[in-house]
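Here's query.cif, which has mmCIF, C-alpha atoms:
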```cif
data_work
loop_
_atom_site.label_atom_id
_atom_site.label_comp_id
_atom_site.auth_asym_id
_atom_site.auth_seq_id
_atom_site.Cartn_x
_atom_site.Cartn_y
_atom_site.Cartn_z
CA MET A 1 53.56 -4.79 46.80
CA LYS A 2 53.52 -7.79 49.14
CA ILE A 3 49.88 -7.19 49.98
CA LEU A 4 48.95 -6.97 46.30
CA VAL A 5 50.69 -10.27 45.55
CA ALA A 6 49.04 -11.93 48.56
CA ILE A 7 45.60 -10.73 47.44
CA ALA A 8 46.25 -12.03 43.93
CA PHE A 9 47.23 -15.45 45.31
CA ILE A 10 44.05 -15.56 47.39
CA LEU A 11 41.97 -14.69 44.32
CA ILE A 12 43.72 -17.40 42.28
CA LEU A 13 43.09 -20.00 44.97
CA GLY A 14 39.47 -18.86 45.30
CA SER A 15 38.96 -19.24 41.57
CA LEU A 16 40.48 -22.71 41.68
CA ALA A 17 38.20 -23.67 44.58
CA SER A 18 35.13 -22.37 42.75
CA ALA A 19 36.09 -24.40 39.68
CA LEU A 20 36.29 -27.53 41.84
CA PHE A 21 32.92 -26.71 43.39
CA TYR A 22 31.28 -26.21 39.99
CA LEU A 23 32.91 -29.38 38.66
CA MET A 24 31.49 -31.45 41.51
CA ARG A 25 28.08 -29.79 41.55
CA ASP A 26 27.30 -29.48 37.82
CA LYS A 27 28.90 -32.81 36.79
CA GLY A 28 30.21 -31.20 33.59
CA LYS A 29 26.81 -30.03 32.31
CA SER A 30 27.59 -26.31 32.36
CA ASN A 31 30.60 -24.24 31.41
CA ARG A 32 31.01 -22.53 34.80
CA THR A 33 34.03 -24.72 35.55
CA VAL A 34 35.71 -23.62 32.33
CA ARG A 35 35.01 -19.96 33.09
CA ALA A 36 36.44 -20.29 36.61
CA LEU A 37 39.59 -21.98 35.31
CA ALA A 38 39.95 -19.37 32.57
CA MET A 39 39.71 -16.66 35.23
CA ARG A 40 42.43 -18.43 37.23
CA VAL A 41 44.71 -18.51 34.21
CA GLY A 42 44.03 -14.83 33.53
CA LEU A 43 44.77 -13.89 37.14
CA SER A 44 47.99 -15.92 37.09
CA ILE A 45 49.20 -14.26 33.89
CA THR A 46 48.28 -10.84 35.24
CA LEU A 47 50.21 -11.52 38.46
CA PHE A 48 53.25 -12.69 36.49
CA VAL A 49 53.22 -9.58 34.29
CA LEU A 50 52.76 -7.36 37.35
CA ILE A 51 55.79 -8.93 39.02
CA LEU A 52 57.87 -8.44 35.86
CA ILE A 53 56.85 -4.77 35.62
CA ALA A 54 57.51 -4.20 39.31
CA HIS A 55 60.99 -5.67 38.92
CA GLN A 56 61.74 -3.48 35.89
CA MET A 57 60.51 -0.36 37.70
CA GLY A 58 62.64 -1.16 40.74
CA TRP A 59 59.72 -1.62 43.12
CA ILE A 60 60.95 -5.09 44.04
CA GLU A 61 64.46 -6.54 44.06
CA PRO A 62 65.65 -10.14 43.96
CA THR A 63 67.14 -11.33 47.25
CA GLY A 64 68.61 -14.64 46.12
CA ILE A 65 68.80 -17.86 48.09
CA ARG A 66 70.09 -17.54 51.61
#
```

Show the structure stored in the file as structure tokens.
Amino acid sequence: MKILVAIAFILILGSLASALFYLMRDKGKSNRTVRALAMRVGLSITLFVLILIAHQMGWIEPTGIR
């Protein structure tokens, strides 16, 4: 589960970086920035739902603040 979450974070950061790249390169003339940001939002929501499901199934447990 930790590896899956780490991969999702890397994909989210990659999508954010590609949106920045397209924003700087296209100067707002294409919608590639919007698509990259929409993908980032979709990945973030998917990760959140996955964590909720994993918690409900008992795959992960809260550890609290130590």

**Protein, DNA and RNA residues within 10 Å of (37.4, -18.3, 42.1), only C-alpha atoms, as a PyMOL selection string** = chain A and resi 10-21+33+35-40+43

Do you know which residues are at most 12 Å from A:Trp59 counting all atoms listed in the file, after dropping those on the same chain fewer than 6 positions away, and could you put them as an mmCIF file with C-alpha atoms, keeping the file's coordinate frame?
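Saved as part.cif:
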```cif
data_model
loop_
_atom_site.group_PDB
_atom_site.id
_atom_site.type_symbol
_atom_site.label_atom_id
_atom_site.label_comp_id
_atom_site.auth_asym_id
_atom_site.auth_seq_id
_atom_site.Cartn_x
_atom_site.Cartn_y
_atom_site.Cartn_z
ATOM 1 C CA MET A 1 53.560 -4.790 46.800
ATOM 2 C CA LYS A 2 53.520 -7.790 49.140
ATOM 3 C CA LEU A 50 52.760 -7.360 37.350
ATOM 4 C CA ILE A 51 55.790 -8.930 39.020
ATOM 5 C CA LEU A 52 57.870 -8.440 35.860
ATOM 6 C CA ILE A 53 56.850 -4.770 35.620
#
```

**Complete:** Closest of A:Lys29, A:Leu23, A:His55, A:Ala8 to A:Gly42, counting all atoms listed in the file, is A:Ala8

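Here atom CA of A:Val5 is placed at a distance of 7.2 Å from atom CA of A:Leu47.
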
**Asked** Just how far from atom CA of A:Met57 is atom CA of A:Ile45, in Å to one decimal?
**Response** 18.3 Å

**Request:** For atom CA of A:Asn31 and atom CA of A:Val49, determine how far apart the two atoms are, in Å to one decimal place.
**Result:** 27.1 Å

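Taking all atoms listed in the file into account, A:Ser44 lies nearest to A:Ile7 out of the set A:Met24, A:Ile7, A:Ile65, A:Ile60.
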